[in-house]
$ cat target_3.tsv   # TSV, C-alpha atoms and all ligand atoms
chain	number	residue	atom	x	y	z
A	1	MET	CA	21.84	100.16	66.38
A	2	LYS	CA	24.39	97.37	66.32
A	3	GLN	CA	27.56	97.75	64.28
A	4	ASN	CA	26.20	95.78	61.32
A	5	GLU	CA	22.90	97.61	61.34
A	6	THR	CA	24.66	100.96	61.45
A	7	LEU	CA	26.86	100.12	58.49
A	8	SER	CA	23.92	98.72	56.53
A	9	PHE	CA	22.03	101.91	57.27
A	10	ILE	CA	24.90	104.00	55.90
A	11	LYS	CA	25.12	101.81	52.83
A	12	ALA	CA	21.38	101.83	52.18
A	13	ASN	CA	21.11	105.55	52.60
A	14	ASN	CA	24.25	106.37	50.68
A	15	LEU	CA	25.59	108.37	53.58
A	16	SER	CA	29.12	107.12	53.17
A	17	ASN	CA	30.81	110.42	52.69
A	18	LEU	CA	30.84	113.56	54.73
A	19	ILE	CA	30.56	116.63	52.59
A	20	PHE	CA	31.76	119.96	53.87
A	21	ASP	CA	32.00	123.25	52.03
A	22	ASP	CA	35.54	123.74	53.14
A	23	LEU	CA	37.13	120.47	54.13
A	24	GLU	CA	40.50	122.01	54.90
A	25	PHE	CA	39.01	124.53	57.30
A	26	THR	CA	36.62	122.17	59.09
A	27	SER	CA	39.29	119.53	59.57
A	28	LYS	CA	41.65	121.74	61.59
A	29	THR	CA	41.66	121.57	65.36
A	30	PRO	CA	41.17	125.18	66.49
A	31	LEU	CA	44.54	126.00	68.06
A	32	ARG	CA	46.03	129.38	68.86
A	33	ASP	CA	49.28	130.44	67.18
A	34	ASP	CA	51.04	130.46	70.55
A	35	ALA	CA	49.78	126.97	71.48
A	36	PHE	CA	53.24	125.49	72.01
A	37	GLU	CA	55.23	128.43	73.31
A	38	MET	CA	54.84	127.05	76.80
A	39	CYS	CA	56.68	123.81	77.60
A	40	ASP	CA	54.86	120.69	78.84
A	41	ASP	CA	56.12	121.07	82.42
A	42	GLU	CA	54.85	124.63	82.62
A	43	LYS	CA	51.45	123.53	81.27
A	44	ILE	CA	51.23	120.72	83.81
A	45	LYS	CA	52.05	123.13	86.64
A	46	LEU	CA	49.40	125.66	85.58
A	47	ILE	CA	46.66	123.11	84.82
A	48	SER	CA	47.33	121.52	88.20
A	49	GLU	CA	46.86	124.87	89.95
A	50	HIS	CA	43.65	125.57	88.05
A	51	PHE	CA	42.27	122.10	88.67
A	52	SER	CA	42.92	122.51	92.39
A	53	LYS	CA	40.74	125.60	92.24
A	54	ILE	CA	37.93	123.69	90.50
A	55	MET	CA	38.06	120.99	93.17
A	56	HIS	CA	38.19	123.62	95.90
A	57	ILE	CA	35.14	125.43	94.47
A	58	LEU	CA	33.29	122.10	94.37
A	59	GLY	CA	33.87	121.97	98.13
A	60	LEU	CA	36.44	119.18	98.17
A	61	ASP	CA	39.07	119.09	100.88
A	62	LEU	CA	42.42	119.04	99.10
A	63	ASN	CA	44.18	118.10	102.33
A	64	ASP	CA	42.54	114.71	102.10
A	65	ASP	CA	45.05	111.96	101.40
A	66	SER	CA	43.08	110.55	98.50
A	67	LEU	CA	42.47	113.90	96.80
A	68	LYS	CA	45.65	115.87	97.36
A	69	ASP	CA	47.56	114.54	94.35
A	70	SER	CA	44.62	114.51	91.94
A	71	PRO	CA	45.23	117.98	90.41
A	72	ALA	CA	48.83	117.13	89.48
A	73	ARG	CA	47.81	113.66	88.29
A	74	ILE	CA	45.04	115.06	86.08
A	75	ALA	CA	47.28	117.82	84.70
A	76	LYS	CA	49.94	115.30	83.73
A	77	MET	CA	47.35	113.01	82.16
A	78	TYR	CA	45.93	115.88	80.10
A	79	VAL	CA	49.27	117.04	78.72
A	80	LYS	CA	51.12	113.73	78.35
A	81	GLU	CA	48.27	111.36	77.48
A	82	TYR	CA	44.71	112.56	76.76
A	83	PHE	CA	45.70	115.64	74.79
A	84	SER	CA	49.22	114.78	73.67
A	85	GLY	CA	48.02	114.63	70.05
A	86	LEU	CA	47.59	118.41	69.99
A	87	ASP	CA	51.33	118.82	69.79
A	88	PRO	CA	52.89	118.16	66.36
A	89	LYS	CA	56.07	116.95	68.06
A	90	ASN	CA	54.12	113.81	69.05
A	91	LYS	CA	52.99	113.03	65.54
A	92	PRO	CA	54.04	109.50	64.50
A	93	TYR	CA	56.44	109.22	61.63
A	94	LEU	CA	55.08	106.98	58.89
A	95	THR	CA	57.65	104.66	57.35
A	96	LEU	CA	56.71	103.64	53.85
A	97	PHE	CA	57.90	100.56	52.01
A	98	LYS	CA	58.05	99.96	48.30
A	99	ASN	CA	55.12	97.86	47.23
A	100	LYS	CA	57.48	95.23	45.79
A	101	TYR	CA	54.86	92.51	45.58
A	102	ASN	CA	52.84	94.80	43.31
A	103	TYR	CA	49.72	94.44	45.47
A	104	LYS	CA	47.05	96.61	43.89
A	105	GLN	CA	43.94	95.69	45.85
A	106	MET	CA	42.68	97.49	48.89
A	107	VAL	CA	44.41	97.07	52.24
A	108	ILE	CA	42.06	97.21	55.22
A	109	GLU	CA	42.84	97.46	58.87
A	110	LYS	CA	39.67	97.26	60.88
A	111	ASP	CA	38.63	97.35	64.54
A	112	ILE	CA	41.44	99.70	65.59
A	113	SER	CA	40.39	100.68	69.09
A	114	PHE	CA	40.69	104.29	70.14
A	115	TYR	CA	39.90	106.51	73.11
A	116	SER	CA	39.28	110.19	72.61
A	117	ASN	CA	37.60	113.04	74.49
A	118	CYS	CA	34.64	115.05	73.30
A	119	GLU	CA	35.62	118.71	73.11
A	120	HIS	CA	32.17	119.88	74.18
A	121	HIS	CA	32.03	118.03	77.49
A	122	PHE	CA	35.60	116.81	78.05
A	123	VAL	CA	34.42	113.27	78.68
A	124	PRO	CA	35.58	110.22	76.71
A	125	PHE	CA	34.22	108.79	73.54
A	126	MET	CA	35.65	105.51	72.38
A	127	GLY	CA	35.24	102.97	69.68
A	128	LYS	CA	36.74	101.43	66.60
A	129	ALA	CA	38.31	102.85	63.48
A	130	HIS	CA	38.37	101.05	60.15
A	131	ILE	CA	40.85	102.15	57.52
A	132	GLY	CA	41.18	101.19	53.89
A	133	TYR	CA	43.63	102.33	51.24
A	134	ILE	CA	44.79	101.32	47.79
A	135	SER	CA	48.55	101.52	47.36
A	136	ASN	CA	50.02	104.08	45.04
A	137	GLY	CA	53.34	102.22	44.86
A	138	GLU	CA	54.13	102.37	48.55
A	139	VAL	CA	52.73	100.58	51.57
A	140	VAL	CA	52.79	101.49	55.23
A	141	GLY	CA	53.61	99.36	58.28
A	142	LEU	CA	50.19	98.38	59.62
A	143	SER	CA	50.81	99.43	63.21
A	144	LYS	CA	51.42	102.96	61.91
A	145	LEU	CA	47.73	103.14	61.04
A	146	ASN	CA	46.94	102.48	64.71
A	147	ARG	CA	49.41	105.22	65.67
A	148	ILE	CA	47.80	107.75	63.34
A	149	VAL	CA	44.35	106.98	64.79
A	150	ASP	CA	45.75	107.32	68.31
A	151	TYR	CA	47.48	110.63	67.53
A	152	PHE	CA	44.28	112.29	66.30
A	153	ALA	CA	42.24	110.69	69.11
A	154	LYS	CA	44.47	112.30	71.72
A	155	ARG	CA	42.90	115.73	71.43
A	156	PRO	CA	39.71	117.36	72.52
A	157	GLN	CA	37.77	116.12	69.51
A	158	VAL	CA	34.57	115.83	67.58
A	159	GLN	CA	34.20	112.52	65.83
A	160	GLU	CA	33.46	114.03	62.41
A	161	ARG	CA	36.65	116.09	62.47
A	162	MET	CA	38.75	113.20	63.73
A	163	THR	CA	37.53	111.05	60.81
A	164	ILE	CA	38.60	113.66	58.27
A	165	GLN	CA	41.91	114.39	60.01
A	166	ILE	CA	42.87	110.71	59.82
A	167	ALA	CA	41.83	110.50	56.15
A	168	ASN	CA	43.73	113.69	55.23
A	169	GLU	CA	46.85	112.51	57.02
A	170	LEU	CA	46.73	109.18	55.18
A	171	LYS	CA	46.19	110.93	51.83
A	172	ASP	CA	49.29	113.06	52.46
A	173	SER	CA	51.51	110.29	53.79
A	174	LEU	CA	50.53	107.57	51.34
A	175	LYS	CA	50.36	110.03	48.42
A	176	THR	CA	47.03	108.71	47.23
A	177	GLU	CA	43.43	109.85	47.20
A	178	ASP	CA	42.25	106.26	47.58
A	179	ILE	CA	41.53	106.34	51.29
A	180	ALA	CA	38.56	105.25	53.39
A	181	VAL	CA	38.07	105.89	57.08
A	182	VAL	CA	35.06	104.82	59.16
A	183	LEU	CA	34.76	105.51	62.88
A	184	GLU	CA	32.18	104.00	65.20
A	185	ALA	CA	32.08	105.34	68.72
A	186	LYS	CA	30.19	105.44	71.95
A	187	HIS	CA	30.07	108.91	73.53
A	188	LEU	CA	29.94	109.14	77.31
A	189	CYS	CA	28.40	112.61	77.03
A	190	VAL	CA	25.39	110.84	75.47
A	191	SER	CA	25.38	107.73	77.65
A	192	SER	CA	26.39	108.95	81.11
A	193	ARG	CA	24.59	112.29	81.20
A	194	GLY	CA	21.96	114.30	79.33
A	195	ILE	CA	19.78	111.91	77.36
A	196	LYS	CA	21.55	108.90	78.99
A	197	ASP	CA	21.28	106.68	75.95
A	198	ASP	CA	23.53	103.76	76.68
A	199	THR	CA	23.15	101.88	73.39
A	200	SER	CA	23.57	104.38	70.58
A	201	ILE	CA	26.70	104.32	68.46
A	202	THR	CA	27.82	107.19	66.24
A	203	THR	CA	29.24	106.31	62.83
A	204	THR	CA	31.18	108.72	60.65
A	205	SER	CA	33.00	108.10	57.41
A	206	ALA	CA	35.29	109.86	55.00
A	207	LEU	CA	35.79	108.17	51.66
A	208	PHE	CA	37.95	109.51	48.85
A	209	GLY	CA	39.21	108.55	45.40
A	210	LYS	CA	38.33	105.04	44.26
A	211	PHE	CA	36.38	104.46	47.46
A	212	LEU	CA	33.70	106.74	46.05
A	213	ASP	CA	33.00	104.15	43.32
A	214	MET	CA	30.00	102.07	44.29
A	215	ASP	CA	31.77	98.71	43.84
A	216	THR	CA	34.88	99.65	45.82
A	217	ARG	CA	32.78	101.28	48.51
A	218	SER	CA	30.57	98.18	48.83
A	219	GLU	CA	33.58	95.87	49.00
A	220	PHE	CA	35.10	98.03	51.75
A	221	ILE	CA	31.86	98.10	53.76
A	222	ARG	CA	31.37	94.35	53.28
A	223	LEU	CA	34.90	93.58	54.49
A	224	ILE	CA	34.72	95.79	57.57
A	225	GLU	CA	31.34	94.30	58.48
A	226	LYS	CA	32.65	90.75	58.17
A	227	LYS	CA	33.19	88.97	61.45
A	228	HIS	CA	36.43	87.09	62.10
A	301	ZN	ZN	30.01	115.73	74.17
$ encode --input "target_3.tsv" --output "structure tokens"
Amino acid sequence: MKQNETLSFIKANNLSNLIFDDLEFTSKTPLRDDAFEMCDDEKIKLISEHFSKIMHILGLDLNDDSLKDSPARIAKMYVKEYFSGLDPKNKPYLTLFKNKYNYKQMVIEKDISFYSNCEHHFVPFMGKAHIGYISNGEVVGLSKLNRIVDYFAKRPQVQERMTIQIANELKDSLKTEDIAVVLEAKHLCVSSRGIKDDTSITTTSALFGKFLDMDTRSEFIRLIEKKH
């Protein structure tokens, strides 16, 4: 399904909100209590050693010039880039501004690109996030919305959870329930292996507050569908 078709499908079938029995519980990334007792450098060292073993078991010659630095490179990429959003110390700080111009309509930032990794296969999924909110007296610098998306993308993830984590974070930071988040993504674990479907796109959404009203919801969907 193309982007427009997917969104129309959601609209037509009234699927615009994920409902979970326990939103708080399902939205948490399962981390151990001791997750950050070890420093980044120590993690990189250990992951590098373990990845060498994986490559060795696969039969690769780690003395080869092209391969010898891969374990350390991958370990560093995991800790400092791909999975840096696990660590709360990397969470972006949201600066809020007084909504002096008294803007009371929805603010939408759409087509925010993101790259994440599926926690079931540890291969990438990537796509676009669309965010809407209605100010509760304060507004946020727009690039901060990109940073929030990026922070939650940089974890082993499932798309449904990532959608809710972004929405919950925005509810907390912007002190409003009036938040909408839609994610559309292509999953390499679906396209490059298994069923090998190269065209399917997964859409998830989490709408809260005024975005649950039919009119507001429709306006949001219409605006994120609109081409430039
Ligand atoms: Zn997967």
$ residues_around --input "target_3.tsv" --residues "region 157-162 of chain A" --least-positions-apart "4" --cutoff "9 Å" --atoms "only C-alpha atoms" --output "list in words"
Leu18, Thr26, Ser27, Lys28, Thr29, Ser116, Asn117, Cys118, Glu119, His120, Phe122, Phe125, Val149, Phe152, Ala153, Ile166, Ala167, Leu183, Glu184, Ala185, Thr202, Thr203, Thr204, Ser205 and Ala206 of chain A
$ closest_residue --input "target_3.tsv" --among "A:Thr176, A:Ser191, A:Ser200, A:Thr216" --to "ligand ZN 301 (chain A)" --atoms "all atoms listed in the file"
A:Ser191
$ atom_distance --input "target_3.tsv" --atom1 "CA of Met55 (chain A)" --atom2 "CA of Ile195 (chain A)"
25.8 Å
$ residues_around --input "target_3.tsv" --residues "region 65-82 of chain A" --least-positions-apart "2" --cutoff "8 Å" --atoms "only C-alpha atoms" --output "list in words"
Asp40, Lys43, Ile44, Lys45, Ile47, Ser48, Glu49, Phe51, Ser52, Asp61, Leu62, Asn63, Ser84, Gly85, Ser116, Asn117, Lys154 and Arg155 of chain A
$ closest_residue --input "target_3.tsv" --among "A:Gln165, A:Asp178, A:Leu31, A:Phe114" --to "Asp213 (chain A)" --atoms "all atoms listed in the file"
A:Asp178
$ closest_residue --input "target_3.tsv" --among "A:Phe83, A:Arg147, A:Lys196, A:Val190" --to "ligand ZN 301 (chain A)" --atoms "all atoms listed in the file"
A:Val190
$ atom_distance --input "target_3.tsv" --atom1 "CA of Val139 (chain A)" --atom2 "CA of Asn99 (chain A)"
5.7 Å
$ atom_distance --input "target_3.tsv" --atom1 "CA of Gly137 (chain A)" --atom2 "CA of Lys91 (chain A)"
23.3 Å
$ closest_residue --input "target_3.tsv" --among "A:Ser192, A:Ser173, A:Thr95, A:Ser143" --to "ligand ZN 301 (chain A)" --atoms "all atoms listed in the file"
A:Ser192
$ closest_residue --input "target_3.tsv" --among "A:Glu42, A:Asp111, A:Asp198, A:Asp33" --to "Lys227 (chain A)" --atoms "all atoms listed in the file"
A:Asp111
$ closest_residue --input "target_3.tsv" --among "A:Ala35, A:Val182, A:Leu170, A:Met126" --to "ligand ZN 301 (chain A)" --atoms "all atoms listed in the file"
A:Met126
$ residues_near_point --input "target_3.tsv" --point "(59.9, 107.5, 55.1)" --cutoff "12 Å" --atoms "all atoms listed in the file" --output "ChimeraX atom specification"
/A:92-98,138-141,144,173-175
$ axis_aligned_box --input "target_3.tsv" --around "region 218-221 of chain A" --padding-each-side "3 Å" --output "JSON"
{"center_x": 32.8, "center_y": 97.0, "center_z": 51.3, "size_x": 10.5, "size_y": 8.3, "size_z": 10.9}
